[in-house]
Structure formats: structure tokens, C-alpha cells
file query_14.tsv (TSV, C-alpha atoms)
chain	number	residue	atom	x	y	z
R	1	MET	CA	-5.43	8.77	13.84
R	2	ILE	CA	-8.03	8.75	11.09
R	3	HIS	CA	-9.93	11.96	10.43
R	4	ARG	CA	-13.45	12.52	11.69
R	5	TYR	CA	-15.53	11.94	8.55
R	6	ILE	CA	-15.69	8.61	6.78
R	7	PHE	CA	-17.69	7.20	3.90
R	8	HIS	CA	-19.66	4.03	4.67
R	9	ASN	CA	-21.59	2.42	1.82
R	10	GLU	CA	-23.76	5.34	0.63
R	11	ASN	CA	-23.19	7.86	3.39
R	12	LEU	CA	-20.65	10.42	4.49
R	13	LEU	CA	-20.85	10.59	8.27
R	14	PRO	CA	-18.85	11.30	11.44
R	15	VAL	CA	-16.87	8.28	12.54
R	16	GLU	CA	-18.83	8.05	15.81
R	17	LYS	CA	-22.04	7.61	13.82
R	18	ALA	CA	-20.73	4.70	11.74
R	19	ARG	CA	-22.00	1.29	12.68
R	20	LEU	CA	-20.16	-1.89	11.82
R	21	SER	CA	-22.21	-4.95	12.65
R	22	PRO	CA	-20.97	-8.02	14.57
R	23	GLY	CA	-22.80	-9.89	11.82
R	24	GLN	CA	-20.56	-8.54	9.07
R	25	ALA	CA	-19.04	-11.88	8.17
R	26	GLY	CA	-16.24	-10.47	6.04
R	27	LEU	CA	-15.17	-8.06	8.74
R	28	ILE	CA	-14.98	-10.79	11.35
R	29	CYS	CA	-13.03	-13.27	9.22
R	30	GLY	CA	-10.95	-10.80	7.22
R	31	TYR	CA	-12.61	-11.44	3.86
R	32	GLY	CA	-11.95	-8.23	2.03
R	33	ILE	CA	-9.41	-6.07	0.24
R	34	PHE	CA	-8.06	-2.56	0.64
R	35	THR	CA	-5.65	-0.02	-0.75
R	36	THR	CA	-3.90	3.04	0.64
R	37	VAL	CA	-3.93	6.12	-1.60
R	38	ARG	CA	-1.63	9.14	-1.36
R	39	ILE	CA	-3.42	12.50	-1.21
R	40	ALA	CA	-1.43	15.40	-2.67
R	41	ARG	CA	-2.88	18.91	-3.01
R	42	GLY	CA	-6.28	17.39	-2.28
R	43	GLU	CA	-6.04	14.91	-5.16
R	44	ALA	CA	-5.89	11.10	-5.04
R	45	PHE	CA	-2.55	10.28	-6.64
R	46	ALA	CA	-2.42	7.31	-9.06
R	47	TYR	CA	-6.04	6.43	-8.29
R	48	GLU	CA	-6.42	4.52	-11.57
R	49	ARG	CA	-3.57	2.17	-10.65
R	50	HIS	CA	-5.03	1.54	-7.21
R	51	TRP	CA	-8.40	0.76	-8.75
R	52	ARG	CA	-6.92	-1.71	-11.24
R	53	ARG	CA	-5.23	-3.58	-8.41
R	54	LEU	CA	-8.44	-3.60	-6.36
R	55	GLU	CA	-10.31	-5.10	-9.31
R	56	LYS	CA	-7.57	-7.66	-9.88
R	57	ASP	CA	-7.53	-8.69	-6.20
R	58	ALA	CA	-11.34	-8.83	-6.10
R	59	GLY	CA	-11.28	-11.21	-9.04
R	60	ARG	CA	-8.72	-13.46	-7.37
R	61	ILE	CA	-10.71	-13.82	-4.15
R	62	ARG	CA	-14.08	-13.85	-5.98
R	63	LEU	CA	-15.31	-10.76	-4.18
R	64	PRO	CA	-18.19	-9.05	-6.05
R	65	MET	CA	-17.50	-5.46	-7.08
R	66	PRO	CA	-20.82	-3.61	-7.18
R	67	TYR	CA	-19.04	-0.23	-7.24
R	68	SER	CA	-17.54	1.62	-10.19
R	69	ALA	CA	-14.17	3.37	-10.26
R	70	ALA	CA	-15.83	6.72	-10.97
R	71	LYS	CA	-18.31	6.42	-8.10
R	72	VAL	CA	-15.70	5.40	-5.54
R	73	ARG	CA	-13.45	8.22	-6.67
R	74	MET	CA	-16.31	10.65	-6.15
R	75	ASN	CA	-16.97	9.20	-2.68
R	76	LEU	CA	-13.27	9.43	-1.87
R	77	HIS	CA	-13.21	13.10	-2.76
R	78	GLU	CA	-16.25	13.69	-0.56
R	79	VAL	CA	-14.21	12.39	2.36
R	80	ILE	CA	-11.14	14.40	1.35
R	81	GLN	CA	-13.17	17.59	1.19
R	82	ALA	CA	-15.09	16.93	4.42
R	83	ASN	CA	-11.84	16.34	6.29
R	84	LYS	CA	-10.09	19.25	4.53
R	85	VAL	CA	-7.17	17.05	3.51
R	86	THR	CA	-4.50	18.74	1.43
R	87	ASP	CA	-1.67	16.27	1.97
R	88	GLY	CA	-2.33	12.94	3.61
R	89	CYS	CA	-3.52	9.48	2.77
R	90	ALA	CA	-6.75	7.56	2.39
R	91	ARG	CA	-7.83	3.96	2.68
R	92	ILE	CA	-10.49	2.29	0.59
R	93	TYR	CA	-11.88	-0.99	1.89
R	94	PHE	CA	-14.23	-3.55	0.34
R	95	VAL	CA	-15.55	-6.08	2.85
R	96	TYR	CA	-17.45	-9.15	1.64
R	97	ASP	CA	-20.33	-9.56	4.05
R	98	SER	CA	-22.30	-12.36	2.46
R	99	VAL	CA	-20.02	-15.33	3.09
R	100	GLY	CA	-19.94	-18.06	5.72
R	101	PRO	CA	-22.41	-18.83	8.51
R	102	TRP	CA	-21.59	-15.96	10.89
R	103	GLN	CA	-23.89	-13.41	9.32
R	104	SER	CA	-26.64	-11.36	10.90
R	105	GLU	CA	-30.22	-11.16	9.64
R	106	GLU	CA	-30.21	-7.36	9.51
R	107	PRO	CA	-30.28	-5.73	6.07
R	108	ARG	CA	-26.80	-5.22	4.69
R	109	PRO	CA	-25.13	-4.78	1.33
R	110	GLN	CA	-23.36	-7.72	-0.23
R	111	VAL	CA	-20.10	-5.80	-0.02
R	112	ASP	CA	-19.39	-2.97	2.41
R	113	LEU	CA	-17.48	0.09	1.22
R	114	LEU	CA	-15.43	2.02	3.76
R	115	ILE	CA	-13.28	5.08	3.01
R	116	ASN	CA	-11.33	7.11	5.53
R	117	THR	CA	-8.44	9.56	5.51
R	118	ALA	CA	-5.54	10.28	7.85
R	119	PRO	CA	-2.42	12.42	8.08
R	120	LEU	CA	0.75	11.04	6.51
R	121	PRO	CA	2.76	8.99	9.02
R	122	GLU	CA	6.14	10.39	10.03
R	123	TYR	CA	9.20	8.40	8.99
R	124	SER	CA	12.90	8.87	9.66
R	125	ALA	CA	15.19	9.86	6.78
R	126	THR	CA	16.69	6.37	6.69
R	127	ALA	CA	15.10	3.13	7.80
R	128	ARG	CA	16.39	0.36	10.09
R	129	LEU	CA	15.18	-3.05	8.99
R	130	THR	CA	15.19	-6.48	10.57
R	131	LEU	CA	14.47	-9.87	8.98
R	132	ARG	CA	11.73	-12.41	9.57
R	133	ALA	CA	11.88	-15.91	8.15
R	134	HIS	CA	8.71	-17.38	6.59
R	135	GLY	CA	7.06	-13.97	6.56
R	136	ARG	CA	5.59	-14.69	3.13
R	137	HIS	CA	4.35	-17.89	1.52
R	138	ALA	CA	5.00	-17.34	-2.17
R	139	ALA	CA	3.20	-20.53	-3.21
R	140	ALA	CA	-0.02	-19.63	-1.36
R	141	ALA	CA	-3.13	-19.15	-3.48
R	142	LEU	CA	-3.66	-15.62	-2.16
R	143	SER	CA	-0.02	-14.55	-2.31
R	144	GLY	CA	0.20	-10.92	-3.40
R	145	VAL	CA	-3.43	-10.07	-2.57
R	146	LYS	CA	-3.77	-6.97	-0.40
R	147	SER	CA	-6.40	-8.37	1.93
R	148	ILE	CA	-7.76	-6.96	5.16
R	149	SER	CA	-6.37	-10.10	6.87
R	150	TRP	CA	-3.36	-8.00	7.87
R	151	LEU	CA	-2.37	-9.48	11.25
R	152	ASN	CA	0.86	-11.05	10.00
R	153	ASN	CA	2.06	-7.64	8.86
R	154	VAL	CA	1.04	-5.47	11.80
R	155	TRP	CA	2.24	-8.06	14.32
R	156	ALA	CA	5.64	-8.39	12.64
R	157	VAL	CA	6.29	-4.65	12.52
R	158	SER	CA	4.94	-4.17	16.04
R	159	GLU	CA	7.38	-6.75	17.39
R	160	ALA	CA	10.24	-5.22	15.42
R	161	SER	CA	9.48	-1.72	16.69
R	162	LYS	CA	10.05	-2.93	20.26
R	163	GLU	CA	13.66	-3.55	19.23
R	164	GLY	CA	14.04	-0.16	17.56
R	165	PHE	CA	13.47	-1.22	13.95
R	166	ASP	CA	11.29	0.68	11.49
R	167	GLU	CA	10.32	-2.18	9.20
R	168	VAL	CA	10.68	-5.91	8.64
R	169	VAL	CA	12.08	-7.65	5.57
R	170	LEU	CA	9.92	-10.73	5.03
R	171	LEU	CA	11.51	-13.88	3.63
R	172	ASN	CA	9.46	-16.45	1.74
R	173	GLU	CA	9.55	-20.22	2.24
R	174	ARG	CA	12.59	-20.44	-0.07
R	175	GLY	CA	14.61	-18.01	2.06
R	176	GLU	CA	14.31	-15.31	-0.59
R	177	ILE	CA	13.49	-11.64	0.04
R	178	ALA	CA	9.84	-10.90	-0.74
R	179	GLU	CA	9.09	-7.43	0.63
R	180	CYS	CA	8.60	-5.50	3.84
R	181	THR	CA	5.35	-5.51	5.82
R	182	SER	CA	4.10	-2.40	4.02
R	183	ALA	CA	6.75	-1.57	1.44
R	184	ASN	CA	8.58	-3.02	-1.53
R	185	ILE	CA	12.36	-3.25	-1.34
R	186	PHE	CA	15.12	-2.47	-3.85
R	187	ALA	CA	18.89	-2.88	-3.92
R	188	VAL	CA	21.52	-1.04	-5.95
R	189	LYS	CA	24.77	-2.72	-6.96
R	190	ASP	CA	27.29	-1.24	-9.40
R	191	GLY	CA	24.69	1.25	-10.62
R	192	LYS	CA	22.08	-1.45	-11.31
R	193	ILE	CA	18.78	-1.59	-9.42
R	194	PHE	CA	16.99	-4.83	-8.70
R	195	THR	CA	13.87	-5.83	-6.78
R	196	PRO	CA	12.17	-9.16	-5.99
R	197	PRO	CA	9.80	-10.47	-8.69
R	198	LEU	CA	6.11	-10.91	-8.00
R	199	ASN	CA	6.55	-14.69	-7.70
R	200	SER	CA	8.55	-14.02	-4.52
R	201	GLY	CA	5.22	-13.39	-2.80
R	202	CYS	CA	5.51	-9.61	-2.76
R	203	LEU	CA	2.68	-7.19	-3.35
R	204	GLU	CA	2.48	-5.50	-6.73
R	205	GLY	CA	2.99	-2.10	-5.17
R	206	VAL	CA	1.69	0.98	-6.95
R	207	THR	CA	4.82	2.98	-6.10
R	208	ARG	CA	6.97	0.01	-7.18
R	209	GLY	CA	5.27	-0.06	-10.56
R	210	ILE	CA	5.67	3.68	-11.12
R	211	LEU	CA	9.35	3.56	-10.19
R	212	MET	CA	9.96	0.79	-12.71
R	213	GLU	CA	8.32	2.91	-15.41
R	214	ILE	CA	10.00	6.25	-14.67
R	215	ALA	CA	13.51	5.05	-13.77
R	216	PRO	CA	14.69	5.33	-17.42
R	217	ASP	CA	13.99	9.08	-17.21
R	218	ALA	CA	17.00	9.24	-14.88
R	219	ARG	CA	18.95	6.85	-17.13
R	220	LEU	CA	18.33	4.06	-14.66
R	221	SER	CA	16.51	0.76	-14.94
R	222	ILE	CA	15.01	-1.59	-12.41
R	223	ALA	CA	15.20	-5.34	-12.99
R	224	GLU	CA	13.23	-8.05	-11.24
R	225	GLN	CA	15.39	-10.85	-9.92
R	226	THR	CA	15.63	-13.22	-6.99
R	227	VAL	CA	17.09	-11.42	-3.99
R	228	ARG	CA	18.60	-13.06	-0.91
R	229	PRO	CA	19.66	-11.43	2.37
R	230	GLU	CA	23.32	-11.46	1.39
R	231	ASP	CA	22.44	-9.46	-1.74
R	232	LEU	CA	21.09	-6.70	0.48
R	233	TYR	CA	24.06	-6.81	2.84
R	234	SER	CA	26.53	-6.36	-0.04
R	235	ALA	CA	24.50	-3.73	-1.92
R	236	ASP	CA	25.79	-0.21	-2.49
R	237	GLU	CA	22.33	1.16	-1.63
R	238	VAL	CA	19.05	-0.26	-0.40
R	239	PHE	CA	15.75	1.59	-0.40
R	240	ILE	CA	12.09	0.88	0.20
R	241	SER	CA	8.99	2.32	-1.44
R	242	SER	CA	5.34	2.64	-0.51
R	243	THR	CA	2.37	4.97	-0.88
R	244	ASN	CA	3.06	6.73	2.42
R	245	ARG	CA	6.85	6.74	2.21
R	246	ASN	CA	7.49	7.41	-1.47
R	247	VAL	CA	11.19	6.40	-1.51
R	248	ILE	CA	13.28	6.05	1.68
R	249	GLY	CA	16.87	4.87	1.98
R	250	VAL	CA	17.80	1.96	4.26
R	251	GLY	CA	20.71	2.45	6.65
R	252	GLU	CA	20.73	-0.93	8.40
R	253	ILE	CA	19.43	-4.45	7.84
R	254	ALA	CA	19.56	-6.80	10.84
R	255	GLY	CA	22.80	-5.29	12.10
R	256	HIS	CA	24.39	-4.90	8.66
R	257	VAL	CA	25.09	-1.22	8.02
R	258	ILE	CA	24.43	0.24	4.56
R	259	ALA	CA	26.86	3.15	4.69
R	260	ASN	CA	25.58	5.02	1.65
R	261	SER	CA	22.08	5.94	2.77
R	262	PRO	CA	20.36	7.59	1.14
R	263	GLY	CA	22.73	7.10	-1.78
R	264	PRO	CA	22.78	8.95	-5.10
R	265	VAL	CA	20.50	6.49	-6.89
R	266	THR	CA	17.97	6.58	-4.05
R	267	ARG	CA	18.00	10.39	-4.01
R	268	SER	CA	17.64	10.57	-7.78
R	269	LEU	CA	14.63	8.23	-7.81
R	270	SER	CA	13.08	10.04	-4.86
R	271	LYS	CA	13.22	13.37	-6.71
R	272	LEU	CA	11.93	11.75	-9.89
R	273	PHE	CA	9.02	10.16	-8.06
R	274	GLN	CA	8.09	13.42	-6.34
R	275	ALA	CA	8.10	15.12	-9.74
R	276	ASN	CA	5.80	12.38	-11.01
R	277	ILE	CA	3.34	13.10	-8.21
R	278	GLU	CA	3.41	16.82	-8.98
R	279	ASP	CA	2.89	16.21	-12.69
R	280	TYR	CA	-0.02	13.82	-12.08
R	281	VAL	CA	-1.76	16.15	-9.64
R	282	THR	CA	-1.29	19.20	-11.87
R	283	ARG	CA	-2.75	17.37	-14.87
R	284	ARG	CA	-5.62	15.99	-12.81
R	285	LEU	CA	-6.54	19.36	-11.28
R	286	SER	CA	-6.35	21.00	-14.70
R	287	THR	CA	-8.76	18.40	-16.10
R	288	VAL	CA	-11.21	18.77	-13.20
R	289	ALA	CA	-11.17	22.58	-13.55
R	290	ARG	CA	-12.31	22.48	-17.19
call {"tool": "encode", "arguments": {"input": "query_14.tsv", "output": "C-alpha cells"}}
result
Amino acid sequence: MIHRYIFHNENLLPVEKARLSPGQAGLICGYGIFTTVRIARGEAFAYERHWRRLEKDAGRIRLPMPYSAAKVRMNLHEVIQANKVTDGCARIYFVYDSVGPWQSEEPRPQVDLLINTAPLPEYSATARLTLRAHGRHAAAALSGVKSISWLNNVWAVSEASKEGFDEVVLLNERGEIAECTSANIFAVKDGKIFTPPLNSGCLEGVTRGILMEIAPDARLSIAEQTVRPEDLYSADEVFISSTNRNVIGVGEIAGHVIANSPGPVTRSLSKLFQANIEDYVTRRLSTVAR
């Protein structure tokens, strides 16, 4: 459940006081973008990376960005403080409300800003995954954009959860692994880590990017390469990463058991990533305190 206070356009207000109009064209047709940010010790972890991706996605879908990174960060911290969030997560949405014919005549901004926070979801120590064919269309013009048109993702994981799975591995039109519905995926074979490239149709995950940068600190490296289901089944370790999960080992994929979960590489990267969060937050809080 999201926390009580949200930020809507220029106002911090209780969620029951927020009004979203039936004439918000972007909301109705899913024309917008969002990101999920990890909150640690009251600080928005890796905010700069999230903002860069938001700007990149806005450019791809030609969504105007009338807000600055600094202002949205300030608004985000208003919500964090109002909801007294120490550890949790936040979502930042930009909804394009000046497109198409289904608009209302009432005054409205060109782009709506919505920010809310929530507790961190609870996840098991290891994840059970299933597969879905044609879950991603790598050749699509909007492939890799984190849009609010999220039905394909929530429907896929909702269906999978009915069968006892935690996540869904989405295949693209070429039968290649792209990603999960809300996580990037990695495999370890003979001490080498590999993950699908962006042209698979996967999202350029913030956690994914950080892992690729910090892996050498543990004398590891992560390579992008085409991944097929059989590569996961024969891997020594498989793990997934996301803002809310950090790094979680995978114990099963569509009935194929990954015995070593979480394995030594997964555990090493998980500790390294947690240290990265702590370092970022400590540096950020030190800067703010000056």
C-alpha cells in the first residue's frame, strides 16, 4: 500500500485529497513514464541515474519535461519526510495530458507529476521463475521505455503468481531472454556473468547498470550477450536485480532447478551492491548536512 501523503504537480497532500481527472488523456491511454527509486536512510538512492533514464525515455516518446531534476528531488524528499520513510521505495510519474482527443476542458498542466512512497515489498530469499513467450518485442519503437502502459507486466506476473511463481522471464520475438516483468536477469557459468543486451528488448535497469560498474571490485565482470532459455537452465547460478530487490538468487526456472541458489557470485554481488548503497547514502547525507 502506498503511504498517505503524495505529491501532485505543485502540492503535497493526503492521497484522499488528490484528484485525477477523467480528462487526463495520458492517464487514460497510458502516455507517460515512471521510475521506482529505493529509499535508504531517508535518502533517494541513485537518484541521478533514475533522472537520466527519465529524461532519455521522455525524449524517445516526445514527452515534454517542464520539471528539473533538482525540483523533483526536492518534491520527492517532501513526500519522504511527510510519510516518515526511512527505508522504502518511491515512484515518480510523468503523465502527458495534452495529447489525443479525450481531454477535458478544465485547467491542467501539460504534464502531470505524481510522486508517492511505499514500504519495500517482501521477497523470498530465492525466486521461482516461469517463462512467457513473446513477452517483449525487441524491434518495437518503444522497446526499453519504462512507460506507465504496464498491463503486459502486471498481468504476466499476476497469472504466474497463481501457479506459485515469483516472477516471469519474458522472451522476445526471437525466442531470446529479455528480462523479467520488473527485474533484469543474469546468469553465471564457469565464473563468468552474462546478461541480455539492451537490443533484447530489456529495460536499462538502474541496478543492472550499477552492478556492471562495480562487479570488477569483486574481481568479477558482467558481459552482455544473447541469452536463451537453455543458457539459464545450464547456468551455475542465476540471479535477478531490481530497485526493490537489489540482488536475489533464482532457485527454479519453469521447472528447472538451479541448485546453487544463492550461489557465491550472487552473494558476493549482493554484498557489494549493499555496500554501494551505504556509500552513496553516507556521501549524500554528508553533503546535505554541510
call {"tool": "residues_around", "arguments": {"input": "query_14.tsv", "residues": "R:Cys89", "least_positions_apart": "6", "cutoff": "6 Å", "atoms": "only C-alpha atoms", "output": "ChimeraX atom specification"}}
result
/R:37-39,117-118,120
call {"tool": "closest_residue", "arguments": {"input": "query_14.tsv", "among": "R:Val238, R:Ile115, R:Ala178, R:Glu213", "to": "R:Asn276", "atoms": "all atoms listed in the file"}}
result
R:Glu213
call {"tool": "residues_near_point", "arguments": {"input": "query_14.tsv", "point": "(27.3, 3.0, 4.4)", "cutoff": "12 Å", "atoms": "all atoms listed in the file", "output": "JSON list (two decimals) with C-alpha atoms, in the frame of the given file"}}
result
[["chain", "number", "residue", "atom", "x", "y", "z"],
["R", 126, "THR", "CA", 16.69, 6.37, 6.69],
["R", 233, "TYR", "CA", 24.06, -6.81, 2.84],
["R", 234, "SER", "CA", 26.53, -6.36, -0.04],
["R", 235, "ALA", "CA", 24.50, -3.73, -1.92],
["R", 236, "ASP", "CA", 25.79, -0.21, -2.49],
["R", 237, "GLU", "CA", 22.33, 1.16, -1.63],
["R", 238, "VAL", "CA", 19.05, -0.26, -0.40],
["R", 249, "GLY", "CA", 16.87, 4.87, 1.98],
["R", 250, "VAL", "CA", 17.80, 1.96, 4.26],
["R", 251, "GLY", "CA", 20.71, 2.45, 6.65],
["R", 252, "GLU", "CA", 20.73, -0.93, 8.40],
["R", 253, "ILE", "CA", 19.43, -4.45, 7.84],
["R", 256, "HIS", "CA", 24.39, -4.90, 8.66],
["R", 257, "VAL", "CA", 25.09, -1.22, 8.02],
["R", 258, "ILE", "CA", 24.43, 0.24, 4.56],
["R", 259, "ALA", "CA", 26.86, 3.15, 4.69],
["R", 260, "ASN", "CA", 25.58, 5.02, 1.65],
["R", 261, "SER", "CA", 22.08, 5.94, 2.77],
["R", 262, "PRO", "CA", 20.36, 7.59, 1.14],
["R", 263, "GLY", "CA", 22.73, 7.10, -1.78]]
call {"tool": "atom_distance", "arguments": {"input": "query_14.tsv", "atom1": "atom CA of R:Phe194", "atom2": "atom CA of R:Ala223"}}
result
4.7 Å
call {"tool": "closest_residue", "arguments": {"input": "query_14.tsv", "among": "R:Gly255, R:Lys146, R:Ile210, R:Arg108", "to": "R:Thr130", "atoms": "only C-alpha atoms"}}
result
R:Gly255
call {"tool": "closest_residue", "arguments": {"input": "query_14.tsv", "among": "R:Cys202, R:Ala187, R:Ile92, R:Leu114", "to": "R:Thr266", "atoms": "all atoms listed in the file"}}
result
R:Ala187
call {"tool": "closest_atom_pairs", "arguments": {"input": "query_14.tsv", "of": "stretch 107-142 of chain R", "to": "stretch 16-30 of chain R", "cutoff": "12 Å", "atoms": "all atoms listed in the file", "output": "Markdown table"}}
result
| residue | atom | partner | partner_atom | distance |
| --- | --- | --- | --- | --- |
| R:Pro107 | CA | R:Gly23 | CA | 10.3 |
| R:Arg108 | CA | R:Gln24 | CA | 8.3 |
| R:Pro109 | CA | R:Gln24 | CA | 9.7 |
| R:Gln110 | CA | R:Gln24 | CA | 9.7 |
| R:Val111 | CA | R:Gly26 | CA | 8.6 |
| R:Asp112 | CA | R:Gln24 | CA | 8.8 |
| R:Leu113 | CA | R:Leu20 | CA | 11.1 |
| R:Leu114 | CA | R:Ala18 | CA | 9.9 |
| R:Ile115 | CA | R:Ala18 | CA | 11.5 |
| R:Asn116 | CA | R:Ala18 | CA | 11.5 |
call {"tool": "residues_around", "arguments": {"input": "query_14.tsv", "residues": "R:Leu171", "least_positions_apart": "6", "cutoff": "10 Å", "atoms": "all atoms listed in the file", "output": "ChimeraX atom specification"}}
result
/R:131-138,177-180,200-202,227-229
call {"tool": "atom_distance", "arguments": {"input": "query_14.tsv", "atom1": "atom CA of R:Lys162", "atom2": "atom CA of R:Thr36"}}
result
24.8 Å
call {"tool": "closest_residue", "arguments": {"input": "query_14.tsv", "among": "R:Gly144, R:Ile193, R:Val85, R:Leu76", "to": "R:Asn172", "atoms": "only C-alpha atoms"}}
result
R:Gly144
call {"tool": "residues_near_point", "arguments": {"input": "query_14.tsv", "point": "(-3.2, -15.2, -4.4)", "cutoff": "12 Å", "atoms": "all atoms listed in the file", "output": "list in words"}}
result
Ile33, Lys56, Asp57, Ala58, Gly59, Arg60, Ile61, Arg62, Arg136, His137, Ala138, Ala139, Ala140, Ala141, Leu142, Ser143, Gly144, Val145, Lys146, Ser147, Leu198, Asn199, Ser200, Gly201, Cys202, Leu203 and Glu204 of chain R
call {"tool": "closest_residue", "arguments": {"input": "query_14.tsv", "among": "R:Ala46, R:Thr207, R:Ala82, R:Pro264", "to": "R:Lys189", "atoms": "all atoms listed in the file"}}
result
R:Pro264
call {"tool": "atom_distance", "arguments": {"input": "query_14.tsv", "atom1": "atom CA of R:Pro216", "atom2": "atom CA of R:Leu272"}}
result
10.3 Å
call {"tool": "residues_around", "arguments": {"input": "query_14.tsv", "residues": "R:Glu159", "least_positions_apart": "4", "cutoff": "12 Å", "atoms": "all atoms listed in the file", "output": "MDAnalysis selection string"}}
result
chainID R and resid 130:132 151:155 163:168 181
call {"tool": "write_last_selection", "arguments": {"input": "query_14.tsv", "atoms": "C-alpha atoms", "output": "PDB file, in the frame of the given file"}}
result
ATOM      1  CA  THR R 130      15.190  -6.480  10.570  1.00  0.00           C
ATOM      2  CA  LEU R 131      14.470  -9.870   8.980  1.00  0.00           C
ATOM      3  CA  ARG R 132      11.730 -12.410   9.570  1.00  0.00           C
ATOM      4  CA  LEU R 151      -2.370  -9.480  11.250  1.00  0.00           C
ATOM      5  CA  ASN R 152       0.860 -11.050  10.000  1.00  0.00           C
ATOM      6  CA  ASN R 153       2.060  -7.640   8.860  1.00  0.00           C
ATOM      7  CA  VAL R 154       1.040  -5.470  11.800  1.00  0.00           C
ATOM      8  CA  TRP R 155       2.240  -8.060  14.320  1.00  0.00           C
ATOM      9  CA  GLU R 163      13.660  -3.550  19.230  1.00  0.00           C
ATOM     10  CA  GLY R 164      14.040  -0.160  17.560  1.00  0.00           C
ATOM     11  CA  PHE R 165      13.470  -1.220  13.950  1.00  0.00           C
ATOM     12  CA  ASP R 166      11.290   0.680  11.490  1.00  0.00           C
ATOM     13  CA  GLU R 167      10.320  -2.180   9.200  1.00  0.00           C
ATOM     14  CA  VAL R 168      10.680  -5.910   8.640  1.00  0.00           C
ATOM     15  CA  THR R 181       5.350  -5.510   5.820  1.00  0.00           C
TER      16      THR R 181
END
call {"tool": "build_atoms", "arguments": {"input": "query_14.tsv", "residues": "stretch 41-59 of chain R", "atoms": "N, CA and C atoms", "output": "mmCIF file, in the coordinates of the input"}}
result
data_model
loop_
_atom_site.group_PDB
_atom_site.id
_atom_site.type_symbol
_atom_site.label_atom_id
_atom_site.label_comp_id
_atom_site.auth_asym_id
_atom_site.auth_seq_id
_atom_site.Cartn_x
_atom_site.Cartn_y
_atom_site.Cartn_z
ATOM 1 N N ARG R 41 -2.126 17.715 -2.588
ATOM 2 C CA ARG R 41 -2.880 18.910 -3.010
ATOM 3 C C ARG R 41 -4.368 18.591 -3.157
ATOM 4 N N GLY R 42 -4.866 17.731 -2.282
ATOM 5 C CA GLY R 42 -6.280 17.390 -2.280
ATOM 6 C C GLY R 42 -6.692 16.396 -3.348
ATOM 7 N N GLU R 43 -5.737 15.824 -4.067
ATOM 8 C CA GLU R 43 -6.040 14.910 -5.160
ATOM 9 C C GLU R 43 -5.518 13.502 -4.837
ATOM 10 N N ALA R 44 -6.271 12.495 -5.273
ATOM 11 C CA ALA R 44 -5.890 11.100 -5.040
ATOM 12 C C ALA R 44 -4.886 10.667 -6.104
ATOM 13 N N PHE R 45 -3.619 10.589 -5.705
ATOM 14 C CA PHE R 45 -2.550 10.280 -6.640
ATOM 15 C C PHE R 45 -2.637 8.821 -7.109
ATOM 16 N N ALA R 46 -2.481 8.643 -8.427
ATOM 17 C CA ALA R 46 -2.420 7.310 -9.060
ATOM 18 C C ALA R 46 -3.664 6.477 -8.757
ATOM 19 N N TYR R 47 -4.807 7.137 -8.636
ATOM 20 C CA TYR R 47 -6.040 6.430 -8.290
ATOM 21 C C TYR R 47 -6.327 5.299 -9.272
ATOM 22 N N GLU R 48 -6.097 5.530 -10.557
ATOM 23 C CA GLU R 48 -6.420 4.520 -11.570
ATOM 24 C C GLU R 48 -5.634 3.231 -11.328
ATOM 25 N N ARG R 49 -4.390 3.354 -10.935
ATOM 26 C CA ARG R 49 -3.570 2.170 -10.650
ATOM 27 C C ARG R 49 -4.090 1.420 -9.426
ATOM 28 N N HIS R 50 -4.471 2.182 -8.412
ATOM 29 C CA HIS R 50 -5.030 1.540 -7.210
ATOM 30 C C HIS R 50 -6.316 0.791 -7.562
ATOM 31 N N TRP R 51 -7.139 1.413 -8.395
ATOM 32 C CA TRP R 51 -8.400 0.760 -8.750
ATOM 33 C C TRP R 51 -8.159 -0.523 -9.538
ATOM 34 N N ARG R 52 -7.213 -0.498 -10.462
ATOM 35 C CA ARG R 52 -6.920 -1.710 -11.240
ATOM 36 C C ARG R 52 -6.470 -2.842 -10.334
ATOM 37 N N ARG R 53 -5.667 -2.522 -9.322
ATOM 38 C CA ARG R 53 -5.230 -3.580 -8.410
ATOM 39 C C ARG R 53 -6.390 -4.072 -7.554
ATOM 40 N N LEU R 54 -7.259 -3.170 -7.121
ATOM 41 C CA LEU R 54 -8.440 -3.600 -6.360
ATOM 42 C C LEU R 54 -9.290 -4.556 -7.182
ATOM 43 N N GLU R 55 -9.510 -4.219 -8.446
ATOM 44 C CA GLU R 55 -10.310 -5.100 -9.310
ATOM 45 C C GLU R 55 -9.627 -6.444 -9.511
ATOM 46 N N LYS R 56 -8.329 -6.413 -9.682
ATOM 47 C CA LYS R 56 -7.570 -7.660 -9.880
ATOM 48 C C LYS R 56 -7.666 -8.537 -8.631
ATOM 49 N N ASP R 57 -7.462 -7.927 -7.451
ATOM 50 C CA ASP R 57 -7.530 -8.690 -6.200
ATOM 51 C C ASP R 57 -8.944 -9.208 -5.950
ATOM 52 N N ALA R 58 -9.950 -8.394 -6.268
ATOM 53 C CA ALA R 58 -11.340 -8.830 -6.100
ATOM 54 C C ALA R 58 -11.615 -10.058 -6.959
ATOM 55 N N GLY R 59 -11.098 -10.061 -8.169
ATOM 56 C CA GLY R 59 -11.280 -11.210 -9.040
ATOM 57 C C GLY R 59 -10.612 -12.458 -8.480
#
